[in-house]
Amino acid sequence: MIQVTKHGIVLEKTNIDFENEGVLNPGVIVHDNQIHMFYRAVHEGNHSTIGYCLLDTPLNVLYRRQTPLIFPEFEYESKGLEDPRVVKIDNTFYLTYTAFNGTNALGAVATSTDLKHWNKKGIIVPQVTYDDFRTLAESKGELNDKYLRYNEHERNFDSSQEEVLLWDKNLIFFPRRIQRMLCFLHRIKPDIQILISINELSDLTKEFWNTYMSNFTEHIVLSPRYEHEISYIGSGCPPIETKAGWLIIYHGVHDSVKGFVYSACAALLDLENPQNEIARLPYPLFFPEFRWELTGEVNNVCFPTGAILQDDTIYIYYGAADERIAVASVSLRELLTELELNKI
């Protein structure tokens, strides 16, 4: 098995109002030789904003902003901005997050040229009801019944006030264009889906998504395969480009007598056709085992969302028990060697 080093907690909640319930699930990027972290900051009542800090080493916070960097401004994100991820494509930074309005949780994006000033582009994933999704997605055959189990959540809401939409979260861009196209991962439970066919965000029209949904199964890139991820999986860190393929560090979930357990997992996708899976670890890259991962706002959670590569070492930043941010590291060379032994 691959050797992973857990370095412990790098960021914890404070008494400051906007982050007094937890800090978790950060996006991380290296720019101008500095490590920038954008994290989900949770205020009492589960209202989230995006906080910011600067690290001078992978494990040491140099500066921490005392107010939110990005906060709710529009109705679609009125109850929170959750789980940011960040990449640079060409000369533009793309920060994706889950926009939550109290009923719907959907992938949104903001762009920047300096990591300081952000221009919100709004929700870019499909905005459809579950019934419309099912009608479109089953036009060419039945769906896995888990799509019903995990997504027909209208029964949990009083929809008389607002239309309840299919939740589409874990929106993550690849850090470069592939065959001149923007490419991103998103997640409608229980699988991870991929989109590889737009030139600009403006291409994501209602008509585009209707066509996409009518061919839905063609866009499933990763599905639960092993016991540790058998319930459902979701996108994690932005893909890391390697000679062997796109390294995908994602989260896998399995049900246990103590509830769901979230682990970090790893797979490889083809460089030029990332819809093709090359290899996957048959066991978790790492899983909850220490106090800070076992006990918190949500117990038994390792939720990877950010990663940076320094020489041969990948530093993986993850939400630990939905309350704090921790770091683990692994040798890229050793991880790729292990993946090569587990080709699909």
# chains A, B, ... in the order shown; residues from 1 in each chain; ligands from 1
>>> residues_around(residues="A:Ser214", least_positions_apart="2", cutoff="7 Å", atoms="only C-alpha atoms", output="list in words")
Leu136, Ala137, Ser139, Asn210, Thr211, Tyr212 and Phe216 of chain A
>>> closest_atom_pairs(of="stretch 223-280 of chain A", to="stretch 84-97 of chain A", cutoff="12 Å", atoms="only C-alpha atoms", output="tab-separated table")
residue	atom	partner	partner_atom	distance
A:Ser235	CA	A:Arg85	CA	10.3
A:Gly236	CA	A:Arg85	CA	8.6
A:Cys237	CA	A:Arg85	CA	7.2
A:Pro238	CA	A:Arg85	CA	7.1
A:Pro239	CA	A:Val87	CA	9.4
A:Ile240	CA	A:Val87	CA	10.4
>>> select_by_dssp(residues="stretch 77-300 of chain A", states="alpha helix (DSSP H)", output="list in words")
Tyr130, Asp131, Asp132, Phe133, Arg134, Thr135, Leu136, Ala137, Lys146, Tyr147, Leu148, Arg149, Tyr150, Asn151, Lys206, Glu207, Phe208, Trp209, Asn210, Thr211, Tyr212, Met213, Ser214, Arg291, Trp292, Glu293 and Leu294 of chain A
>>> select_by_dssp(residues="stretch 116-274 of chain A", states="strand (DSSP E or B)", output="ChimeraX atom specification")
/A:119-123,168-173,178,181-188,191-198,220-222,232-234,240-242,245-256,259-269
>>> residues_around(residues="A:Leu165", least_positions_apart="4", cutoff="12 Å", atoms="only C-alpha atoms", output="VMD selection string")
chain A and resid 76 100 to 106 125 to 134 151 to 154 157 159 169 188
>>> closest_residue(among="A:Ile35, A:Leu24, A:Leu201, A:Cys183", to="A:Leu271", atoms="only C-alpha atoms")
A:Cys183
>>> residues_around(residues="stretch 65-68 of chain A", least_positions_apart="3", cutoff="8 Å", atoms="only C-alpha atoms", output="PyMOL selection string")
chain A and resi 16+18+41+49-53+71
>>> closest_residue(among="A:Leu148, A:Leu185, A:Leu336, A:Ile9", to="A:Cys302", atoms="only C-alpha atoms")
A:Ile9
>>> residues_around(residues="A:Leu222", least_positions_apart="6", cutoff="10 Å", atoms="only C-alpha atoms", output="VMD selection string")
chain A and resid 187 190 to 194 233 to 235 250 267 269 275 to 277 280
